[in-house]
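*Asks:* What follows is data.pdb, PDB, C-alpha atoms and all ligand atoms.
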```
ATOM      1  CA  MET A 117       0.000   0.000   0.000  1.00  0.00           C
ATOM      2  CA  LYS A 118       2.768   2.394   0.941  1.00  0.00           C
ATOM      3  CA  LEU A 119       4.460   1.958  -2.372  1.00  0.00           C
ATOM      4  CA  PHE A 120       1.349   2.707  -4.321  1.00  0.00           C
ATOM      5  CA  LEU A 121       0.696   5.905  -2.431  1.00  0.00           C
ATOM      6  CA  PHE A 122       4.260   7.056  -2.796  1.00  0.00           C
ATOM      7  CA  ILE A 123       4.026   7.498  -6.494  1.00  0.00           C
ATOM      8  CA  CYS A 124       0.579   8.970  -6.363  1.00  0.00           C
ATOM      9  CA  LEU A 125      -0.877   7.565  -9.534  1.00  0.00           C
ATOM     10  CA  VAL A 126      -4.211   8.386  -8.021  1.00  0.00           C
ATOM     11  CA  CYS A 127      -4.289  11.491  -5.905  1.00  0.00           C
ATOM     12  CA  SER A 128      -7.130  11.224  -3.447  1.00  0.00           C
ATOM     13  CA  PRO A 129      -7.595  11.934   0.239  1.00  0.00           C
ATOM     14  CA  LEU A 130      -7.094   8.619   1.961  1.00  0.00           C
ATOM     15  CA  PHE A 131      -6.019   9.100   5.505  1.00  0.00           C
ATOM     16  CA  GLY A 132      -6.369  11.593   8.272  1.00  0.00           C
ATOM     17  CA  GLY A 133      -3.670  11.747  10.843  1.00  0.00           C
ATOM     18  CA  GLU A 134      -1.169  13.738  12.738  1.00  0.00           C
ATOM     19  CA  ILE A 135       2.408  12.543  13.113  1.00  0.00           C
ATOM     20  CA  GLU A 136       5.061  14.319  15.134  1.00  0.00           C
ATOM     21  CA  ILE A 137       8.345  13.713  13.340  1.00  0.00           C
ATOM     22  CA  PHE A 138      10.339  15.620  15.927  1.00  0.00           C
ATOM     23  CA  PRO A 139       9.322  18.315  18.431  1.00  0.00           C
ATOM     24  CA  ASN A 140       7.557  21.159  16.635  1.00  0.00           C
ATOM     25  CA  PHE A 141       7.529  19.283  13.311  1.00  0.00           C
ATOM     26  CA  ILE A 142       4.145  17.752  12.559  1.00  0.00           C
ATOM     27  CA  VAL A 143       2.880  16.025   9.435  1.00  0.00           C
ATOM     28  CA  TYR A 144      -0.846  16.156   8.764  1.00  0.00           C
ATOM     29  CA  THR A 145      -1.924  13.388   6.461  1.00  0.00           C
ATOM     30  CA  GLY A 146      -5.253  13.117   4.694  1.00  0.00           C
ATOM     31  CA  MET A 147      -5.444  16.776   3.740  1.00  0.00           C
ATOM     32  CA  GLY A 148      -5.855  15.904   0.088  1.00  0.00           C
ATOM     33  CA  GLY A 149      -2.067  15.946   0.123  1.00  0.00           C
ATOM     34  CA  ASN A 150       0.251  15.591   3.111  1.00  0.00           C
ATOM     35  CA  VAL A 151       1.187  18.817   4.836  1.00  0.00           C
ATOM     36  CA  SER A 152       4.201  19.496   7.092  1.00  0.00           C
ATOM     37  CA  TYR A 153       4.088  22.205   9.726  1.00  0.00           C
ATOM     38  CA  ILE A 154       7.255  23.326  11.505  1.00  0.00           C
ATOM     39  CA  GLU A 155       7.069  25.820  14.355  1.00  0.00           C
ATOM     40  CA  THR A 156      10.158  27.886  15.159  1.00  0.00           C
ATOM     41  CA  ASP A 157      10.974  30.965  17.248  1.00  0.00           C
ATOM     42  CA  ASP A 158      11.441  32.868  14.019  1.00  0.00           C
ATOM     43  CA  GLY A 159       8.073  32.041  12.466  1.00  0.00           C
ATOM     44  CA  ASN A 160       6.422  28.886  11.218  1.00  0.00           C
ATOM     45  CA  VAL A 161       6.992  26.981   8.015  1.00  0.00           C
ATOM     46  CA  LEU A 162       4.266  25.121   6.160  1.00  0.00           C
ATOM     47  CA  ILE A 163       5.041  22.700   3.349  1.00  0.00           C
ATOM     48  CA  ASN A 164       2.067  22.577   0.968  1.00  0.00           C
ATOM     49  CA  SER A 165      -1.424  23.562   2.017  1.00  0.00           C
ATOM     50  CA  GLY A 166      -3.694  20.619   1.196  1.00  0.00           C
ATOM     51  CA  SER A 167      -6.437  20.370  -1.387  1.00  0.00           C
ATOM     52  CA  PRO A 168      -9.187  23.013  -1.648  1.00  0.00           C
ATOM     53  CA  GLU A 169     -11.705  20.885   0.248  1.00  0.00           C
ATOM     54  CA  TYR A 170      -9.271  20.434   3.129  1.00  0.00           C
ATOM     55  CA  ALA A 171      -7.865  23.967   3.160  1.00  0.00           C
ATOM     56  CA  MET A 172      -9.926  25.070   6.151  1.00  0.00           C
ATOM     57  CA  GLY A 173      -8.690  22.100   8.127  1.00  0.00           C
ATOM     58  CA  VAL A 174      -5.094  22.976   7.290  1.00  0.00           C
ATOM     59  CA  ILE A 175      -5.607  26.618   8.247  1.00  0.00           C
ATOM     60  CA  GLU A 176      -7.092  25.539  11.572  1.00  0.00           C
ATOM     61  CA  LYS A 177      -4.094  23.345  12.342  1.00  0.00           C
ATOM     62  CA  ALA A 178      -1.497  25.737  10.969  1.00  0.00           C
ATOM     63  CA  PRO A 179      -2.890  29.214  11.616  1.00  0.00           C
ATOM     64  CA  GLU A 180       0.298  31.250  11.566  1.00  0.00           C
ATOM     65  CA  VAL A 181       2.654  30.760   8.677  1.00  0.00           C
ATOM     66  CA  LYS A 182       5.649  32.857   7.753  1.00  0.00           C
ATOM     67  CA  TYR A 183       6.931  30.725   4.879  1.00  0.00           C
ATOM     68  CA  LEU A 184       4.690  28.579   2.706  1.00  0.00           C
ATOM     69  CA  LEU A 185       6.858  26.167   0.742  1.00  0.00           C
ATOM     70  CA  THR A 186       4.926  25.076  -2.340  1.00  0.00           C
ATOM     71  CA  THR A 187       6.540  22.010  -3.873  1.00  0.00           C
ATOM     72  CA  HIS A 188       4.495  22.270  -7.059  1.00  0.00           C
ATOM     73  CA  LYS A 189       1.391  23.782  -8.540  1.00  0.00           C
ATOM     74  CA  HIS A 190      -1.111  20.919  -8.281  1.00  0.00           C
ATOM     75  CA  LYS A 191      -4.327  21.703  -6.538  1.00  0.00           C
ATOM     76  CA  GLU A 192      -4.166  18.929  -3.967  1.00  0.00           C
ATOM     77  CA  HIS A 193      -1.152  20.737  -2.481  1.00  0.00           C
ATOM     78  CA  THR A 194      -2.150  24.373  -2.925  1.00  0.00           C
ATOM     79  CA  GLY A 195      -5.705  24.594  -1.563  1.00  0.00           C
ATOM     80  CA  GLY A 196      -4.800  27.026   1.213  1.00  0.00           C
ATOM     81  CA  ASN A 197      -2.279  29.082  -0.782  1.00  0.00           C
ATOM     82  CA  THR A 198      -4.558  32.029  -1.533  1.00  0.00           C
ATOM     83  CA  TYR A 199      -5.507  32.359   2.119  1.00  0.00           C
ATOM     84  CA  TYR A 200      -1.914  32.191   3.305  1.00  0.00           C
ATOM     85  CA  SER A 201      -0.517  34.542   0.687  1.00  0.00           C
ATOM     86  CA  GLU A 202      -3.268  37.065   1.426  1.00  0.00           C
ATOM     87  CA  THR A 203      -2.597  36.895   5.139  1.00  0.00           C
ATOM     88  CA  GLY A 204       1.097  37.673   4.826  1.00  0.00           C
ATOM     89  CA  ALA A 205       2.889  34.377   4.286  1.00  0.00           C
ATOM     90  CA  LEU A 206       5.807  34.405   1.896  1.00  0.00           C
ATOM     91  CA  VAL A 207       5.268  31.732  -0.755  1.00  0.00           C
ATOM     92  CA  VAL A 208       8.438  29.904  -1.768  1.00  0.00           C
ATOM     93  CA  THR A 209       8.184  28.442  -5.244  1.00  0.00           C
ATOM     94  CA  HIS A 210      10.358  27.302  -8.105  1.00  0.00           C
ATOM     95  CA  GLU A 211      10.943  29.787 -10.904  1.00  0.00           C
ATOM     96  CA  LYS A 212       9.003  27.606 -13.364  1.00  0.00           C
ATOM     97  CA  ALA A 213       6.008  27.149 -11.074  1.00  0.00           C
ATOM     98  CA  ARG A 214       5.887  30.891 -10.494  1.00  0.00           C
ATOM     99  CA  LYS A 215       4.511  31.224 -14.001  1.00  0.00           C
ATOM    100  CA  HIS A 216       1.331  29.647 -12.744  1.00  0.00           C
ATOM    101  CA  LEU A 217       0.635  32.433 -10.312  1.00  0.00           C
ATOM    102  CA  LYS A 218      -3.041  31.697  -9.984  1.00  0.00           C
ATOM    103  CA  SER A 219      -2.635  28.001  -9.233  1.00  0.00           C
ATOM    104  CA  ILE A 220      -0.274  28.754  -6.412  1.00  0.00           C
ATOM    105  CA  GLY A 221      -2.399  31.544  -5.006  1.00  0.00           C
ATOM    106  CA  LEU A 222      -0.356  34.578  -6.029  1.00  0.00           C
ATOM    107  CA  LYS A 223      -1.471  37.807  -7.603  1.00  0.00           C
ATOM    108  CA  LYS A 224       0.232  39.155 -10.705  1.00  0.00           C
ATOM    109  CA  ASP A 225       1.404  42.314  -9.003  1.00  0.00           C
ATOM    110  CA  GLY A 226       2.091  40.637  -5.662  1.00  0.00           C
ATOM    111  CA  ASP A 227       5.544  40.619  -4.143  1.00  0.00           C
ATOM    112  CA  ASN A 228       4.904  38.016  -1.470  1.00  0.00           C
ATOM    113  CA  TYR A 229       6.938  35.203  -2.915  1.00  0.00           C
ATOM    114  CA  ILE A 230      10.493  33.953  -3.292  1.00  0.00           C
ATOM    115  CA  SER A 231      11.455  31.891  -6.317  1.00  0.00           C
ATOM    116  CA  PHE A 232      14.639  30.014  -7.107  1.00  0.00           C
ATOM    117  CA  GLU A 233      16.244  27.959  -9.860  1.00  0.00           C
ATOM    118  CA  ASP A 234      18.381  25.040  -8.676  1.00  0.00           C
ATOM    119  CA  THR A 235      18.593  24.960  -4.916  1.00  0.00           C
ATOM    120  CA  TYR A 236      17.574  27.344  -2.205  1.00  0.00           C
ATOM    121  CA  LYS A 237      18.841  27.266   1.365  1.00  0.00           C
ATOM    122  CA  MET A 238      16.922  28.682   4.263  1.00  0.00           C
ATOM    123  CA  ASN A 239      17.512  28.853   7.980  1.00  0.00           C
ATOM    124  CA  VAL A 240      14.373  29.538   9.946  1.00  0.00           C
ATOM    125  CA  GLY A 241      14.721  29.746  13.711  1.00  0.00           C
ATOM    126  CA  GLY A 242      17.869  27.605  13.576  1.00  0.00           C
ATOM    127  CA  GLU A 243      16.289  24.979  11.325  1.00  0.00           C
ATOM    128  CA  ASP A 244      18.286  24.304   8.149  1.00  0.00           C
ATOM    129  CA  ILE A 245      16.072  23.737   5.126  1.00  0.00           C
ATOM    130  CA  LYS A 246      17.256  22.969   1.631  1.00  0.00           C
ATOM    131  CA  LEU A 247      14.940  23.127  -1.370  1.00  0.00           C
ATOM    132  CA  ILE A 248      16.144  21.067  -4.313  1.00  0.00           C
ATOM    133  CA  TYR A 249      14.666  21.423  -7.794  1.00  0.00           C
ATOM    134  CA  GLN A 250      13.861  18.137  -9.583  1.00  0.00           C
ATOM    135  CA  PRO A 251      13.995  18.731 -13.323  1.00  0.00           C
ATOM    136  CA  ASN A 252      11.850  16.434 -15.478  1.00  0.00           C
ATOM    137  CA  ALA A 253      10.136  14.980 -12.471  1.00  0.00           C
ATOM    138  CA  HIS A 254       6.499  15.000 -11.404  1.00  0.00           C
ATOM    139  CA  VAL A 255       5.641  18.314 -13.020  1.00  0.00           C
ATOM    140  CA  ASP A 256       7.380  21.473 -14.164  1.00  0.00           C
ATOM    141  CA  GLY A 257       8.834  23.467 -11.284  1.00  0.00           C
ATOM    142  CA  TYR A 258       8.706  20.639  -8.783  1.00  0.00           C
ATOM    143  CA  TYR A 259      11.101  20.559  -5.814  1.00  0.00           C
ATOM    144  CA  ILE A 260      11.750  18.511  -2.706  1.00  0.00           C
ATOM    145  CA  VAL A 261      12.365  19.873   0.772  1.00  0.00           C
ATOM    146  CA  TYR A 262      15.293  18.439   2.698  1.00  0.00           C
ATOM    147  CA  PHE A 263      16.075  18.913   6.398  1.00  0.00           C
ATOM    148  CA  PRO A 264      19.719  17.780   6.523  1.00  0.00           C
ATOM    149  CA  ARG A 265      20.126  17.908  10.283  1.00  0.00           C
ATOM    150  CA  ARG A 266      16.873  16.062  10.882  1.00  0.00           C
ATOM    151  CA  ASN A 267      17.247  13.453   8.171  1.00  0.00           C
ATOM    152  CA  VAL A 268      13.815  14.221   6.818  1.00  0.00           C
ATOM    153  CA  ILE A 269      12.664  14.810   3.235  1.00  0.00           C
ATOM    154  CA  HIS A 270       9.268  16.126   2.252  1.00  0.00           C
ATOM    155  CA  ALA A 271       9.175  14.676  -1.239  1.00  0.00           C
ATOM    156  CA  ALA A 272       5.589  15.269  -2.312  1.00  0.00           C
ATOM    157  CA  ASN A 273       5.066  13.446  -5.626  1.00  0.00           C
ATOM    158  CA  ILE A 274       7.997  12.107  -7.505  1.00  0.00           C
ATOM    159  CA  SER A 275       6.161  10.577 -10.423  1.00  0.00           C
ATOM    160  CA  ASN A 276       5.401  12.345 -13.642  1.00  0.00           C
ATOM    161  CA  GLY A 277       2.927   9.575 -14.277  1.00  0.00           C
ATOM    162  CA  ASN A 278       4.252   8.772 -17.734  1.00  0.00           C
ATOM    163  CA  ASN A 279       7.880   7.939 -17.676  1.00  0.00           C
ATOM    164  CA  ILE A 280       9.139   5.239 -15.367  1.00  0.00           C
ATOM    165  CA  ASP A 281      12.776   6.160 -16.065  1.00  0.00           C
ATOM    166  CA  VAL A 282      12.251   9.671 -14.785  1.00  0.00           C
ATOM    167  CA  LEU A 283      10.544   8.223 -11.785  1.00  0.00           C
ATOM    168  CA  ILE A 284      13.395   5.858 -11.034  1.00  0.00           C
ATOM    169  CA  ASN A 285      16.062   8.507 -11.562  1.00  0.00           C
ATOM    170  CA  THR A 286      14.318  10.897  -9.229  1.00  0.00           C
ATOM    171  CA  SER A 287      14.019   8.144  -6.674  1.00  0.00           C
ATOM    172  CA  LYS A 288      17.726   7.413  -7.007  1.00  0.00           C
ATOM    173  CA  GLU A 289      18.485  11.040  -6.427  1.00  0.00           C
ATOM    174  CA  LEU A 290      16.468  10.838  -3.243  1.00  0.00           C
ATOM    175  CA  ILE A 291      18.400   7.735  -2.261  1.00  0.00           C
ATOM    176  CA  ASN A 292      21.659   9.664  -2.611  1.00  0.00           C
ATOM    177  CA  LEU A 293      20.440  11.978   0.086  1.00  0.00           C
ATOM    178  CA  THR A 294      19.212   9.255   2.325  1.00  0.00           C
ATOM    179  CA  THR A 295      20.692   7.272   5.142  1.00  0.00           C
ATOM    180  CA  GLU A 296      19.243   4.307   6.957  1.00  0.00           C
ATOM    181  CA  ASN A 297      17.309   6.523   9.330  1.00  0.00           C
ATOM    182  CA  ILE A 298      15.752   8.785   6.771  1.00  0.00           C
ATOM    183  CA  VAL A 299      12.073   9.677   6.955  1.00  0.00           C
ATOM    184  CA  VAL A 300      10.437  10.521   3.641  1.00  0.00           C
ATOM    185  CA  ILE A 301       7.122  12.343   3.683  1.00  0.00           C
ATOM    186  CA  PRO A 302       5.374  11.502   0.429  1.00  0.00           C
ATOM    187  CA  GLY A 303       2.708  13.604  -1.257  1.00  0.00           C
ATOM    188  CA  HIS A 304      -0.012  11.304  -0.028  1.00  0.00           C
ATOM    189  CA  GLY A 305      -0.328   8.521   2.515  1.00  0.00           C
ATOM    190  CA  ASP A 306       2.058   6.884   4.963  1.00  0.00           C
ATOM    191  CA  LEU A 307       5.588   8.016   5.714  1.00  0.00           C
ATOM    192  CA  LEU A 308       8.353   6.051   4.009  1.00  0.00           C
ATOM    193  CA  THR A 309      11.700   4.689   5.073  1.00  0.00           C
ATOM    194  CA  LYS A 310      14.813   4.071   3.018  1.00  0.00           C
ATOM    195  CA  ALA A 311      13.795   0.409   2.719  1.00  0.00           C
ATOM    196  CA  ASP A 312      10.521   1.455   1.096  1.00  0.00           C
ATOM    197  CA  ILE A 313      12.321   3.546  -1.506  1.00  0.00           C
ATOM    198  CA  ASP A 314      14.896   0.821  -2.189  1.00  0.00           C
ATOM    199  CA  MET A 315      12.095  -1.632  -2.734  1.00  0.00           C
ATOM    200  CA  TYR A 316      10.236   0.773  -4.929  1.00  0.00           C
ATOM    201  CA  ILE A 317      13.213   1.150  -7.260  1.00  0.00           C
ATOM    202  CA  ASP A 318      13.782  -2.584  -7.218  1.00  0.00           C
ATOM    203  CA  ILE A 319      10.270  -3.453  -8.287  1.00  0.00           C
ATOM    204  CA  HIS A 320      10.473  -1.165 -11.282  1.00  0.00           C
ATOM    205  CA  THR A 321      13.855  -2.546 -12.230  1.00  0.00           C
ATOM    206  CA  ARG A 322      12.529  -6.078 -12.079  1.00  0.00           C
ATOM    207  CA  ILE A 323       9.470  -5.354 -14.178  1.00  0.00           C
ATOM    208  CA  ARG A 324      11.699  -3.645 -16.735  1.00  0.00           C
ATOM    209  CA  GLY A 325      14.061  -6.631 -16.801  1.00  0.00           C
ATOM    210  CA  LEU A 326      11.259  -9.116 -17.377  1.00  0.00           C
ATOM    211  CA  LYS A 327       9.717  -6.980 -20.090  1.00  0.00           C
ATOM    212  CA  GLU A 328      13.065  -6.653 -21.859  1.00  0.00           C
ATOM    213  CA  GLN A 329      13.450 -10.433 -21.767  1.00  0.00           C
ATOM    214  CA  GLY A 330      10.223 -10.595 -23.729  1.00  0.00           C
ATOM    215  CA  TYR A 331       7.784 -11.593 -21.034  1.00  0.00           C
ATOM    216  CA  SER A 332       4.236 -10.426 -21.590  1.00  0.00           C
ATOM    217  CA  LEU A 333       2.279  -8.642 -18.935  1.00  0.00           C
ATOM    218  CA  LYS A 334       0.171 -11.739 -18.397  1.00  0.00           C
ATOM    219  CA  GLN A 335       3.286 -13.883 -17.912  1.00  0.00           C
ATOM    220  CA  ILE A 336       4.807 -11.414 -15.474  1.00  0.00           C
ATOM    221  CA  ILE A 337       1.680 -11.314 -13.382  1.00  0.00           C
ATOM    222  CA  LYS A 338       1.410 -15.097 -13.478  1.00  0.00           C
ATOM    223  CA  SER A 339       5.041 -15.737 -12.609  1.00  0.00           C
ATOM    224  CA  THR A 340       5.051 -13.189  -9.810  1.00  0.00           C
ATOM    225  CA  SER A 341       1.959 -14.576  -8.203  1.00  0.00           C
ATOM    226  CA  GLU A 342       3.467 -18.053  -8.312  1.00  0.00           C
ATOM    227  CA  GLU A 343       6.776 -16.881  -6.910  1.00  0.00           C
ATOM    228  CA  LYS A 344       6.014 -16.465  -3.243  1.00  0.00           C
ATOM    229  CA  GLU A 345       7.937 -13.301  -2.603  1.00  0.00           C
ATOM    230  CA  GLY A 346       8.319 -12.317  -6.212  1.00  0.00           C
ATOM    231  CA  LEU A 347       7.880  -8.661  -6.965  1.00  0.00           C
ATOM    232  CA  TYR A 348       6.773  -8.179  -3.410  1.00  0.00           C
ATOM    233  CA  ASN A 349       3.461  -9.674  -4.134  1.00  0.00           C
ATOM    234  CA  TRP A 350       2.776  -9.805  -0.424  1.00  0.00           C
ATOM    235  CA  TYR A 351       3.294  -6.090  -0.225  1.00  0.00           C
ATOM    236  CA  PHE A 352       0.518  -4.942  -2.484  1.00  0.00           C
ATOM    237  CA  PRO A 353      -3.152  -5.386  -1.889  1.00  0.00           C
ATOM    238  CA  ASP A 354      -3.611  -4.799  -5.586  1.00  0.00           C
ATOM    239  CA  SER A 355      -0.346  -5.910  -7.120  1.00  0.00           C
ATOM    240  CA  GLU A 356      -1.837  -7.038 -10.412  1.00  0.00           C
ATOM    241  CA  ASN A 357      -3.114  -3.605 -11.204  1.00  0.00           C
ATOM    242  CA  ILE A 358       0.086  -1.904 -10.160  1.00  0.00           C
ATOM    243  CA  ILE A 359       2.349  -4.241 -12.125  1.00  0.00           C
ATOM    244  CA  SER A 360       0.134  -3.649 -15.117  1.00  0.00           C
ATOM    245  CA  THR A 361       0.320   0.134 -14.754  1.00  0.00           C
ATOM    246  CA  TYR A 362       4.112   0.097 -14.518  1.00  0.00           C
ATOM    247  CA  PHE A 363       4.455  -2.371 -17.341  1.00  0.00           C
ATOM    248  CA  LYS A 364       2.445  -0.202 -19.707  1.00  0.00           C
ATOM    249  CA  LYS A 365       4.405   2.907 -18.853  1.00  0.00           C
ATOM    250  CA  LEU A 366       7.817   1.392 -19.513  1.00  0.00           C
ATOM    251  CA  ARG A 367       9.352   2.667 -22.702  1.00  0.00           C
TER
HETATM  252 ZN    ZN B 401       1.156  16.704  -7.997  1.00  0.00          ZN
END
```
Spit out the file's structure as structure tokens when you get a sec.
Ligand SMILES: [Zn+2]

*Replies:*
Amino acid sequence: MKLFLFICLVCSPLFGGEIEIFPNFIVYTGMGGNVSYIETDDGNVLINSGSPEYAMGVIEKAPEVKYLLTTHKHKEHTGGNTYYSETGALVVTHEKARKHLKSIGLKKDGDNYISFEDTYKMNVGGEDIKLIYQPNAHVDGYYIVYFPRRNVIHAANISNGNNIDVLINTSKELINLTTENIVVIPGHGDLLTKADIDMYIDIHTRIRGLKEQGYSLKQIIKSTSEEKEGLYNWYFPDSENIISTYFKKLR
């Protein structure tokens, strides 16, 4: 289940929860998209603002925001953006996403945003935060948020939904940042560990390998359901569907 949610082929509100990653760092799940809220002595940081239907819930839980980090323009992560930008938060966005002012809740003549190109480093109340642009990933102007001292990444969605290679390469880039104790906050659903990401890359690699050897989708599904631990069959409640989705997207 975790794996499926990580790549967000279907973006829908699935869970509602509140997880304290470390003191003053809380992840709210089930807000359309996951939202991270970090309180510091120098103002609070919010990563993404949920989908429009959950925006009020996010605002209730995260009422005071100095910096609103917007990982990308999609509506399930920007529902509260207009409210926050109109009430004084500084929106931090990638240069390419800035073009879509309306989707990220900014006015044309507004000056309440920061944009960047490759990486952007912030220190808010002693908390180091690094924003890293992911070219060719989920969508234009998409970035991940890395807390190097905390070993936490808010990765939102790493899939562009069409190209498995891009997906795998982005995942590998994440892996380069990760250590055994890493916590990855995906766009939707449960938090992930390094083992989850390793497995996620592995499953794609294996499906690719079988396809290149000439196996048909039907054969892959059949062989993996016969092989007890093959392709982590035990891991997915709906492995057949997922294998089929990946298989079709391989180029
Ligand atoms: Zn998205």

*Asks:* What would the selection look like, as a list of chain:residue names, if the PyMOL selection byres (((not hetatm)) within 7 of (chain B and resi 401)) were run on the coordinates I just shared?

*Replies:*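 Selected by the PyMOL selection byres (((not hetatm)) within 7 of (chain B and resi 401)) in this file: A:His188, A:His190, A:His254, A:Val255, A:Asn273.
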
*Asks:* Given the selection you just returned, output its residues as a file containing C-alpha atoms, formatted as a PDB file, in the frame of the given file.

*Replies:*
```pdb
ATOM      1  CA  HIS A 188       4.495  22.270  -7.059  1.00  0.00           C
ATOM      2  CA  HIS A 190      -1.111  20.919  -8.281  1.00  0.00           C
ATOM      3  CA  HIS A 254       6.499  15.000 -11.404  1.00  0.00           C
ATOM      4  CA  VAL A 255       5.641  18.314 -13.020  1.00  0.00           C
ATOM      5  CA  ASN A 273       5.066  13.446  -5.626  1.00  0.00           C
TER       6      ASN A 273
END
```

*Asks:* Find the distance between atom CA of Ile230 of chain A and atom CA of Ala213 of chain A and write it in Å to one decimal.

*Replies:* 11.3 Å

*Asks:* Carefully work through the PyMOL selection byres (((chain A and resi 221) around 7) and not hetatm) for this structure and note down the residues it includes, as a list of chain:residue names.

*Replies:*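 Taken over the shown coordinates, the PyMOL selection byres (((chain A and resi 221) around 7) and not hetatm) returns A:Asn197, A:Thr198, A:Ser201, A:Leu217, A:Lys218, A:Ser219, A:Ile220, A:Leu222, A:Lys223.
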
*Asks:* For each of A:Thr156, A:Tyr258, A:Ala171, A:Gly149, take the minimum atom-to-atom distance to Asp244 of chain A, counting all atoms listed in the file, then give the residue where this is smallest.

*Replies:*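 Comparing A:Thr156, A:Tyr258, A:Ala171, A:Gly149 against Asp244 of chain A, the winner is A:Thr156.
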
*Asks:* Out of A:Phe138, A:Lys224, A:Tyr199, A:Ala311, which residue has the shortest atom-to-atom distance to Arg265 of chain A when counting all atoms listed in the file?

*Replies:*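 Among A:Phe138, A:Lys224, A:Tyr199, A:Ala311, it is A:Phe138 that comes nearest to Arg265 of chain A.
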